[in-house]
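Undergrad: Contents of protein_34.txt (compact mmCIF, C-alpha atoms and all ligand atoms) are given next:
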```
# COMPACT_ATOMS: atom_id res chain seq x y z
CA MET A 1 57.87 121.16 138.32
CA SER A 2 59.70 124.09 136.83
CA GLY A 3 60.98 125.30 140.22
CA ASP A 4 61.32 128.89 139.01
CA GLY A 5 58.55 130.27 141.22
CA SER A 6 56.09 130.65 138.32
CA PRO A 7 52.34 130.16 138.99
CA GLN A 8 52.66 126.73 137.41
CA ASP A 9 54.55 125.61 140.52
CA ARG A 10 51.40 125.67 142.65
CA PRO A 11 48.94 122.92 141.66
CA PHE A 12 45.27 123.94 141.51
CA ASP A 13 42.12 121.82 141.36
CA CYS A 14 41.38 120.58 137.82
CA HIS A 15 39.24 117.54 138.68
CA ASP A 16 36.44 118.82 136.40
CA LEU A 17 38.67 119.09 133.30
CA ARG A 18 38.79 116.47 130.53
CA VAL A 19 42.38 116.24 129.36
CA ALA A 20 44.10 114.27 126.58
CA VAL A 21 47.81 113.82 125.91
CA VAL A 22 49.11 113.23 122.40
CA ALA A 23 52.71 112.04 122.30
CA ALA A 24 55.07 111.39 119.38
CA SER A 25 57.25 108.29 119.34
CA TRP A 26 60.65 109.48 118.08
CA HIS A 27 63.50 109.74 120.68
CA GLU A 28 61.82 107.39 123.11
CA ARG A 29 64.11 108.05 126.13
CA VAL A 30 63.36 111.78 126.04
CA MET A 31 59.69 111.08 125.36
CA THR A 32 59.50 108.87 128.47
CA GLY A 33 60.63 111.85 130.56
CA LEU A 34 58.20 114.26 128.89
CA LEU A 35 55.29 111.85 129.27
CA ASP A 36 56.11 111.13 132.93
CA GLY A 37 56.32 114.88 133.62
CA ALA A 38 52.97 115.49 131.94
CA LEU A 39 51.26 112.66 133.84
CA ASP A 40 52.80 113.89 137.11
CA ALA A 41 51.39 117.39 136.48
CA LEU A 42 47.95 115.93 135.70
CA ARG A 43 48.02 113.87 138.90
CA ARG A 44 49.09 116.83 141.04
CA HIS A 45 46.28 118.93 139.54
CA GLN A 46 43.76 116.15 140.25
CA VAL A 47 42.90 115.47 136.62
CA GLU A 48 41.03 112.15 136.48
CA SER A 49 41.57 109.48 133.81
CA PRO A 50 43.53 111.42 131.19
CA VAL A 51 43.49 109.88 127.72
CA VAL A 52 46.94 109.19 126.21
CA VAL A 53 47.33 108.73 122.44
CA ARG A 54 50.63 107.91 120.72
CA VAL A 55 51.40 109.11 117.18
CA PRO A 56 54.37 108.18 114.94
CA GLY A 57 56.17 111.54 114.85
CA SER A 58 55.78 115.22 115.74
CA PHE A 59 54.40 115.96 112.28
CA GLU A 60 51.31 113.95 113.24
CA LEU A 61 50.68 115.84 116.52
CA PRO A 62 48.39 118.60 115.13
CA VAL A 63 45.93 116.41 113.24
CA VAL A 64 45.38 114.12 116.22
CA ALA A 65 45.25 117.09 118.62
CA SER A 66 42.59 118.57 116.34
CA ALA A 67 40.53 115.35 116.43
CA LEU A 68 40.79 115.27 120.23
CA ALA A 69 39.80 118.93 120.47
CA ALA A 70 36.72 118.15 118.35
CA GLN A 71 35.77 115.48 120.90
CA GLY A 72 35.31 118.16 123.57
CA PHE A 73 38.44 117.83 125.68
CA ASP A 74 39.20 120.95 127.73
CA ALA A 75 42.94 120.65 127.13
CA VAL A 76 45.20 118.63 124.85
CA ILE A 77 48.85 118.26 125.80
CA ALA A 78 51.13 117.74 122.78
CA LEU A 79 54.53 116.16 123.42
CA GLY A 80 57.31 115.60 120.91
CA VAL A 81 61.04 115.83 120.36
CA ILE A 82 62.62 116.98 117.11
CA ILE A 83 66.40 116.87 116.82
CA ARG A 84 68.26 118.74 114.11
CA GLY A 85 69.88 116.54 111.47
CA GLY A 86 71.93 117.33 108.41
CA THR A 87 69.00 118.30 106.17
CA PRO A 88 66.27 120.99 106.23
CA HIS A 89 63.82 118.31 107.45
CA PHE A 90 64.12 119.65 111.03
CA GLU A 91 62.75 123.05 109.98
CA TYR A 92 59.84 121.56 108.03
CA VAL A 93 58.71 119.19 110.79
CA SER A 94 59.22 121.83 113.54
CA SER A 95 57.24 124.49 111.65
CA ALA A 96 54.45 122.14 110.65
CA ALA A 97 54.04 120.86 114.20
CA THR A 98 54.29 124.30 115.84
CA ASP A 99 52.04 126.12 113.37
CA GLY A 100 49.58 123.23 113.34
CA LEU A 101 49.26 123.14 117.12
CA ALA A 102 48.79 126.92 117.32
CA ARG A 103 46.06 126.60 114.68
CA VAL A 104 44.30 123.86 116.65
CA ALA A 105 44.30 126.09 119.75
CA LEU A 106 42.73 129.02 117.87
CA ASP A 107 40.36 127.04 115.61
CA HIS A 108 38.93 125.04 118.53
CA ASN A 109 39.45 127.72 121.20
CA ILE A 110 41.08 125.14 123.45
CA ALA A 111 44.12 124.96 125.69
CA ILE A 112 46.99 123.20 123.95
CA GLY A 113 50.04 122.20 125.99
CA PHE A 114 53.07 122.94 123.85
CA GLY A 115 55.48 120.25 124.97
CA LEU A 116 57.48 120.10 121.75
CA LEU A 117 61.26 120.17 122.13
CA THR A 118 63.19 121.41 119.08
CA CYS A 119 66.86 120.82 119.82
CA ASP A 120 70.23 120.89 118.10
CA ASN A 121 71.28 117.61 119.70
CA GLU A 122 70.04 114.84 122.02
CA GLN A 123 71.81 116.30 125.09
CA GLN A 124 69.75 119.50 124.86
CA ALA A 125 66.61 117.38 124.78
CA LEU A 126 67.72 115.21 127.72
CA ASP A 127 68.45 118.38 129.74
CA ARG A 128 64.80 119.44 129.32
CA ALA A 129 63.10 116.04 129.64
CA GLY A 130 62.55 115.87 133.41
CA LEU A 131 64.74 112.77 133.67
CA GLU A 132 67.30 112.15 136.41
CA GLY A 133 70.03 114.74 135.76
CA SER A 134 67.76 117.03 133.68
CA SER A 135 67.66 120.69 134.68
CA GLU A 136 64.15 121.26 133.30
CA ASP A 137 60.90 119.34 133.00
CA LYS A 138 59.12 120.60 129.91
CA GLY A 139 56.44 117.92 130.06
CA TYR A 140 55.34 119.17 133.48
CA GLU A 141 55.65 122.83 132.45
CA ALA A 142 53.63 122.49 129.24
CA THR A 143 50.94 120.57 131.08
CA SER A 144 50.52 122.98 133.98
CA ALA A 145 50.45 125.93 131.54
CA ALA A 146 47.70 124.21 129.54
CA LEU A 147 45.69 123.48 132.68
CA LEU A 148 45.96 127.09 133.78
CA THR A 149 44.80 128.18 130.31
CA ALA A 150 41.89 125.70 130.35
CA VAL A 151 40.73 126.98 133.75
CA THR A 152 40.98 130.57 132.48
CA LEU A 153 38.98 129.74 129.33
CA LYS A 154 36.26 128.07 131.44
CA ARG A 155 36.05 131.15 133.67
CA ILE A 156 35.78 133.51 130.66
CA ARG A 157 32.99 131.39 129.10
CA ARG A 158 30.90 131.26 132.30
C1 LIG A 201 61.14 111.82 109.71
C2 LIG A 201 61.41 112.38 111.07
C3 LIG A 201 62.70 112.84 111.40
C4 LIG A 201 63.84 112.79 110.44
N1 LIG A 201 62.98 113.32 112.62
C5 LIG A 201 61.98 113.36 113.55
C6 LIG A 201 62.24 113.87 114.85
O1 LIG A 201 63.36 114.24 115.23
N2 LIG A 201 61.19 113.91 115.72
C7 LIG A 201 59.92 113.52 115.39
O2 LIG A 201 59.02 113.61 116.24
N3 LIG A 201 59.66 113.03 114.17
C8 LIG A 201 60.65 112.93 113.24
N4 LIG A 201 60.40 112.43 112.00
C9 LIG A 201 59.06 111.85 111.71
C10 LIG A 201 57.99 112.86 111.25
O3 LIG A 201 57.51 113.64 112.33
C11 LIG A 201 56.79 112.09 110.66
O4 LIG A 201 56.31 111.16 111.59
C12 LIG A 201 57.17 111.36 109.38
O5 LIG A 201 57.69 112.24 108.43
C13 LIG A 201 55.96 110.63 108.77
O6 LIG A 201 54.93 111.55 108.46
```
So, in terms of structure tokens, how does the structure I just supplied come out?

TA:
Amino acid sequence: MSGDGSPQDRPFDCHDLRVAVVAASWHERVMTGLLDGALDALRRHQVESPVVVRVPGSFELPVVASALAAQGFDAVIALGVIIRGGTPHFEYVSSAATDGLARVALDHNIAIGFGLLTCDNEQQALDRAGLEGSSEDKGYEATSAALLTAVTLKRIRR
């Protein structure tokens, strides 16, 4: 939980939502924290049988999120960690993943959980990963924000 008193801190009933998680595989220790946080949020919001799909890297998140969105999921939670290196690669992968996920949300009119960490170093990522000693849990936060969005979209469509 974020612990900052935001609406995301109070779980609400999402048992009727179909939710998928797509998770990159780089920086596995951080990813374990993000994935645990996301699954914890889904459990607390009573989401049943979430589908979890792993992809190689964050660059691959949007295309798989798009395929999941096309399958009729109410929300897709995207998790990844990109750490700055010595080349412009960081910018390219970060932009492609961020822009791609935003496009999936708008093209499919679906809630996308934006659980993508873009950090200067591993410590920044660990601080946000919801692990023991972390100050933030971005996997939980991104998931509860997506669930809130999915519930809102359902209400608007009714
Ligand atoms: C190649 C690459 C690099 C250098 N760094 C990361 C990273 O920090 N985080 C991440 O999720 N993925 C990284 N990748 C892999 C790319 O996202 C992608 O999987 C490959 O370029 C293959 O398409």

Undergrad: Could you list, as an mmCIF file with C-alpha atoms, in the frame of the given file, all residues that come within 8 Å of ligand LIG 201 (chain A)? Count only C-alpha atoms and all ligand atoms.

TA:
```
data_model
loop_
_atom_site.group_PDB
_atom_site.id
_atom_site.type_symbol
_atom_site.label_atom_id
_atom_site.label_comp_id
_atom_site.auth_asym_id
_atom_site.auth_seq_id
_atom_site.Cartn_x
_atom_site.Cartn_y
_atom_site.Cartn_z
ATOM 1 C CA ALA A 24 55.070 111.390 119.380
ATOM 2 C CA SER A 25 57.250 108.290 119.340
ATOM 3 C CA TRP A 26 60.650 109.480 118.080
ATOM 4 C CA HIS A 27 63.500 109.740 120.680
ATOM 5 C CA VAL A 55 51.400 109.110 117.180
ATOM 6 C CA PRO A 56 54.370 108.180 114.940
ATOM 7 C CA GLY A 57 56.170 111.540 114.850
ATOM 8 C CA SER A 58 55.780 115.220 115.740
ATOM 9 C CA PHE A 59 54.400 115.960 112.280
ATOM 10 C CA GLU A 60 51.310 113.950 113.240
ATOM 11 C CA GLY A 80 57.310 115.600 120.910
ATOM 12 C CA VAL A 81 61.040 115.830 120.360
ATOM 13 C CA ILE A 82 62.620 116.980 117.110
ATOM 14 C CA ILE A 83 66.400 116.870 116.820
ATOM 15 C CA ARG A 84 68.260 118.740 114.110
ATOM 16 C CA GLY A 85 69.880 116.540 111.470
ATOM 17 C CA HIS A 89 63.820 118.310 107.450
ATOM 18 C CA PHE A 90 64.120 119.650 111.030
ATOM 19 C CA VAL A 93 58.710 119.190 110.790
#
```

Undergrad: Counting all atoms listed in the file, give me one row per residue of range 2-80 of chain A with an atom at most 6 Å from an atom of range 102-121 of chain A, showing the shortest contact pair and its distance in Å to one decimal, sorted by chain then residue number, as a tab-separated table.

TA:
```
residue	atom	partner	partner_atom	distance
A:Ser66	CA	A:Val104	CA	5.6
A:Ala75	CA	A:Ala111	CA	4.7
A:Val76	CA	A:Ile112	CA	5.0
A:Ile77	CA	A:Gly113	CA	4.1
A:Ala78	CA	A:Gly115	CA	5.5
A:Leu79	CA	A:Gly115	CA	4.5
A:Gly80	CA	A:Leu116	CA	4.6
```

Undergrad: Could you pull the residues within 9 Å of Val30 in chain A, counting all atoms listed in the file, minus those fewer than 4 positions along the same chain, as a PDB file with C-alpha atoms, keeping the file's coordinate frame?

TA:
```pdb
ATOM      1  CA  TRP A  26      60.650 109.480 118.080  1.00  0.00           C
ATOM      2  CA  LEU A  34      58.200 114.260 128.890  1.00  0.00           C
ATOM      3  CA  LEU A  35      55.290 111.850 129.270  1.00  0.00           C
ATOM      4  CA  GLY A  80      57.310 115.600 120.910  1.00  0.00           C
ATOM      5  CA  VAL A  81      61.040 115.830 120.360  1.00  0.00           C
ATOM      6  CA  GLU A 122      70.040 114.840 122.020  1.00  0.00           C
ATOM      7  CA  ALA A 125      66.610 117.380 124.780  1.00  0.00           C
ATOM      8  CA  LEU A 126      67.720 115.210 127.720  1.00  0.00           C
ATOM      9  CA  ARG A 128      64.800 119.440 129.320  1.00  0.00           C
ATOM     10  CA  ALA A 129      63.100 116.040 129.640  1.00  0.00           C
ATOM     11  CA  GLY A 130      62.550 115.870 133.410  1.00  0.00           C
ATOM     12  CA  LEU A 131      64.740 112.770 133.670  1.00  0.00           C
TER      13      LEU A 131
END
```

Undergrad: With all atoms listed in the file counted and 6 Å as the cut-off, give the residues of range 26-101 of chain A in contact with range 134-152 of chain A, each with its shortest interatomic distance in Å and the pair that gives it, as a tab-separated table.

TA:
```
residue	atom	partner	partner_atom	distance
A:Leu34	CA	A:Gly139	CA	4.2
A:Gly37	CA	A:Tyr140	CA	4.4
A:Ala38	CA	A:Gly139	CA	4.6
A:Ala41	CA	A:Tyr140	CA	5.3
```

Undergrad: Give me, please, the distance in Å between CA of Leu39 in chain A and CA of Arg155 in chain A, quoted to one decimal.

TA: 23.9 Å

Undergrad: Grab the CA of Glu28 in chain A to CA of Gln46 in chain A distance for me, in Å with one decimal place.

TA: 26.4 Å

Undergrad: As JSON, what would the box around range 94-106 of chain A look like: edges along x, y and z, 4 Å added on every side, centre and edge lengths in Å to one decimal?

TA:
```
{"center_x": 51.0, "center_y": 124.9, "center_z": 115.2, "size_x": 24.5, "size_y": 16.2, "size_z": 17.1}
```

Undergrad: For CA of Gly133 in chain A and CA of Val22 in chain A, determine how far apart the two atoms are, in Å to one decimal place.

TA: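 Between these atoms lies a distance of 24.9 Å.
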
Undergrad: Which polymer residues, protein or nucleic acid, are no farther than 9 Å from (44.3, 112.0, 126.7), counting only C-alpha atoms, as a list in words?

TA: Arg18, Val19, Ala20, Val21, Val22, Ser49, Pro50, Val51, Val52, Val53, Leu68, Phe73, Ala75, Val76 and Ile77 of chain A

Undergrad: Which of these, A:Met31, A:Asp127, A:Pro11, A:Val63, has the shortest distance to Asp99 in chain A once you count all atoms listed in the file?

TA: A:Val63

Undergrad: For a quick check of understanding, using only C-alpha atoms, which of A:Leu61, A:Ala96, A:Leu153, A:Leu42 has the smallest distance to Asp74 in chain A?

TA: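 Ranking A:Leu61, A:Ala96, A:Leu153, A:Leu42 by distance to Asp74 in chain A, first place goes to A:Leu153.
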
Undergrad: Kindly write N, CA and C atoms of range 58-94 of chain A from the structure just given to a file, as a PDB file, in the first residue's frame.

TA:
```pdb
ATOM      1  N   SER A  58      11.151  -4.512 -20.909  1.00  0.00           N
ATOM      2  CA  SER A  58      10.081  -3.507 -20.875  1.00  0.00           C
ATOM      3  C   SER A  58       9.633  -3.093 -22.271  1.00  0.00           C
ATOM      4  N   PHE A  59      10.542  -3.196 -23.236  1.00  0.00           N
ATOM      5  CA  PHE A  59      10.169  -2.842 -24.612  1.00  0.00           C
ATOM      6  C   PHE A  59       8.999  -3.693 -25.102  1.00  0.00           C
ATOM      7  N   GLU A  60       8.922  -4.931 -24.594  1.00  0.00           N
ATOM      8  CA  GLU A  60       7.877  -5.859 -25.053  1.00  0.00           C
ATOM      9  C   GLU A  60       6.560  -5.694 -24.287  1.00  0.00           C
ATOM     10  N   LEU A  61       6.516  -4.827 -23.278  1.00  0.00           N
ATOM     11  CA  LEU A  61       5.283  -4.694 -22.485  1.00  0.00           C
ATOM     12  C   LEU A  61       4.079  -4.247 -23.333  1.00  0.00           C
ATOM     13  N   PRO A  62       4.223  -3.186 -24.173  1.00  0.00           N
ATOM     14  CA  PRO A  62       3.024  -2.688 -24.858  1.00  0.00           C
ATOM     15  C   PRO A  62       2.371  -3.690 -25.802  1.00  0.00           C
ATOM     16  N   VAL A  63       3.168  -4.423 -26.567  1.00  0.00           N
ATOM     17  CA  VAL A  63       2.546  -5.313 -27.562  1.00  0.00           C
ATOM     18  C   VAL A  63       1.773  -6.437 -26.869  1.00  0.00           C
ATOM     19  N   VAL A  64       2.318  -6.932 -25.760  1.00  0.00           N
ATOM     20  CA  VAL A  64       1.602  -8.004 -25.045  1.00  0.00           C
ATOM     21  C   VAL A  64       0.412  -7.421 -24.277  1.00  0.00           C
ATOM     22  N   ALA A  65       0.574  -6.215 -23.728  1.00  0.00           N
ATOM     23  CA  ALA A  65      -0.574  -5.552 -23.080  1.00  0.00           C
ATOM     24  C   ALA A  65      -1.692  -5.342 -24.091  1.00  0.00           C
ATOM     25  N   SER A  66      -1.324  -4.983 -25.323  1.00  0.00           N
ATOM     26  CA  SER A  66      -2.318  -4.765 -26.370  1.00  0.00           C
ATOM     27  C   SER A  66      -3.063  -6.069 -26.699  1.00  0.00           C
ATOM     28  N   ALA A  67      -2.320  -7.165 -26.793  1.00  0.00           N
ATOM     29  CA  ALA A  67      -2.951  -8.464 -27.080  1.00  0.00           C
ATOM     30  C   ALA A  67      -3.894  -8.864 -25.950  1.00  0.00           C
ATOM     31  N   LEU A  68      -3.483  -8.591 -24.706  1.00  0.00           N
ATOM     32  CA  LEU A  68      -4.349  -8.922 -23.560  1.00  0.00           C
ATOM     33  C   LEU A  68      -5.593  -8.037 -23.560  1.00  0.00           C
ATOM     34  N   ALA A  69      -5.404  -6.768 -23.885  1.00  0.00           N
ATOM     35  CA  ALA A  69      -6.548  -5.849 -23.938  1.00  0.00           C
ATOM     36  C   ALA A  69      -7.553  -6.335 -24.985  1.00  0.00           C
ATOM     37  N   ALA A  70      -7.043  -6.840 -26.102  1.00  0.00           N
ATOM     38  CA  ALA A  70      -7.925  -7.329 -27.172  1.00  0.00           C
ATOM     39  C   ALA A  70      -8.699  -8.572 -26.744  1.00  0.00           C
ATOM     40  N   GLN A  71      -8.199  -9.268 -25.721  1.00  0.00           N
ATOM     41  CA  GLN A  71      -8.889 -10.459 -25.209  1.00  0.00           C
ATOM     42  C   GLN A  71     -10.039 -10.104 -24.266  1.00  0.00           C
ATOM     43  N   GLY A  72     -10.210  -8.826 -23.961  1.00  0.00           N
ATOM     44  CA  GLY A  72     -11.357  -8.423 -23.138  1.00  0.00           C
ATOM     45  C   GLY A  72     -11.097  -8.257 -21.658  1.00  0.00           C
ATOM     46  N   PHE A  73      -9.824  -8.223 -21.269  1.00  0.00           N
ATOM     47  CA  PHE A  73      -9.547  -7.961 -19.847  1.00  0.00           C
ATOM     48  C   PHE A  73     -10.010  -6.548 -19.494  1.00  0.00           C
ATOM     49  N   ASP A  74     -10.447  -6.358 -18.253  1.00  0.00           N
ATOM     50  CA  ASP A  74     -10.883  -5.035 -17.796  1.00  0.00           C
ATOM     51  C   ASP A  74      -9.698  -4.151 -17.434  1.00  0.00           C
ATOM     52  N   ALA A  75      -8.613  -4.771 -17.018  1.00  0.00           N
ATOM     53  CA  ALA A  75      -7.408  -4.014 -16.653  1.00  0.00           C
ATOM     54  C   ALA A  75      -6.185  -4.864 -16.950  1.00  0.00           C
ATOM     55  N   VAL A  76      -5.136  -4.216 -17.412  1.00  0.00           N
ATOM     56  CA  VAL A  76      -3.840  -4.884 -17.600  1.00  0.00           C
ATOM     57  C   VAL A  76      -2.810  -4.099 -16.803  1.00  0.00           C
ATOM     58  N   ILE A  77      -2.112  -4.793 -15.928  1.00  0.00           N
ATOM     59  CA  ILE A  77      -1.089  -4.151 -15.102  1.00  0.00           C
ATOM     60  C   ILE A  77       0.264  -4.419 -15.747  1.00  0.00           C
ATOM     61  N   ALA A  78       0.981  -3.368 -16.125  1.00  0.00           N
ATOM     62  CA  ALA A  78       2.297  -3.526 -16.765  1.00  0.00           C
ATOM     63  C   ALA A  78       3.390  -3.200 -15.753  1.00  0.00           C
ATOM     64  N   LEU A  79       4.319  -4.137 -15.582  1.00  0.00           N
ATOM     65  CA  LEU A  79       5.398  -3.969 -14.612  1.00  0.00           C
ATOM     66  C   LEU A  79       6.758  -4.101 -15.300  1.00  0.00           C
ATOM     67  N   GLY A  80       7.649  -3.180 -15.020  1.00  0.00           N
ATOM     68  CA  GLY A  80       8.987  -3.272 -15.584  1.00  0.00           C
ATOM     69  C   GLY A  80       9.935  -2.336 -14.850  1.00  0.00           C
ATOM     70  N   VAL A  81      11.211  -2.586 -15.043  1.00  0.00           N
ATOM     71  CA  VAL A  81      12.253  -1.765 -14.423  1.00  0.00           C
ATOM     72  C   VAL A  81      13.289  -1.447 -15.490  1.00  0.00           C
ATOM     73  N   ILE A  82      13.532  -0.167 -15.715  1.00  0.00           N
ATOM     74  CA  ILE A  82      14.571   0.228 -16.669  1.00  0.00           C
ATOM     75  C   ILE A  82      15.582   1.083 -15.911  1.00  0.00           C
ATOM     76  N   ILE A  83      16.833   0.680 -15.966  1.00  0.00           N
ATOM     77  CA  ILE A  83      17.876   1.399 -15.231  1.00  0.00           C
ATOM     78  C   ILE A  83      18.842   2.034 -16.223  1.00  0.00           C
ATOM     79  N   ARG A  84      19.109   3.310 -15.988  1.00  0.00           N
ATOM     80  CA  ARG A  84      19.951   4.091 -16.896  1.00  0.00           C
ATOM     81  C   ARG A  84      21.353   3.472 -17.005  1.00  0.00           C
ATOM     82  N   GLY A  85      21.832   3.354 -18.219  1.00  0.00           N
ATOM     83  CA  GLY A  85      23.198   2.887 -18.443  1.00  0.00           C
ATOM     84  C   GLY A  85      24.014   4.009 -19.047  1.00  0.00           C
ATOM     85  N   GLY A  86      25.063   3.660 -19.745  1.00  0.00           N
ATOM     86  CA  GLY A  86      25.950   4.671 -20.298  1.00  0.00           C
ATOM     87  C   GLY A  86      25.610   5.106 -21.711  1.00  0.00           C
ATOM     88  N   THR A  87      24.520   4.570 -22.259  1.00  0.00           N
ATOM     89  CA  THR A  87      24.143   4.890 -23.644  1.00  0.00           C
ATOM     90  C   THR A  87      22.720   5.444 -23.670  1.00  0.00           C
ATOM     91  N   PRO A  88      22.279   5.978 -24.833  1.00  0.00           N
ATOM     92  CA  PRO A  88      20.906   6.506 -24.922  1.00  0.00           C
ATOM     93  C   PRO A  88      19.822   5.431 -24.908  1.00  0.00           C
ATOM     94  N   HIS A  89      20.233   4.153 -24.776  1.00  0.00           N
ATOM     95  CA  HIS A  89      19.275   3.045 -24.815  1.00  0.00           C
ATOM     96  C   HIS A  89      18.139   3.233 -23.808  1.00  0.00           C
ATOM     97  N   PHE A  90      18.493   3.728 -22.619  1.00  0.00           N
ATOM     98  CA  PHE A  90      17.514   3.964 -21.542  1.00  0.00           C
ATOM     99  C   PHE A  90      16.351   4.808 -22.048  1.00  0.00           C
ATOM    100  N   GLU A  91      16.685   5.908 -22.734  1.00  0.00           N
ATOM    101  CA  GLU A  91      15.647   6.821 -23.230  1.00  0.00           C
ATOM    102  C   GLU A  91      14.753   6.122 -24.266  1.00  0.00           C
ATOM    103  N   TYR A  92      15.378   5.364 -25.152  1.00  0.00           N
ATOM    104  CA  TYR A  92      14.586   4.713 -26.205  1.00  0.00           C
ATOM    105  C   TYR A  92      13.623   3.684 -25.616  1.00  0.00           C
ATOM    106  N   VAL A  93      14.136   2.832 -24.725  1.00  0.00           N
ATOM    107  CA  VAL A  93      13.273   1.780 -24.154  1.00  0.00           C
ATOM    108  C   VAL A  93      12.196   2.419 -23.269  1.00  0.00           C
ATOM    109  N   SER A  94      12.578   3.428 -22.461  1.00  0.00           N
ATOM    110  CA  SER A  94      11.599   4.091 -21.573  1.00  0.00           C
ATOM    111  C   SER A  94      10.483   4.732 -22.383  1.00  0.00           C
TER     112      SER A  94
END
```
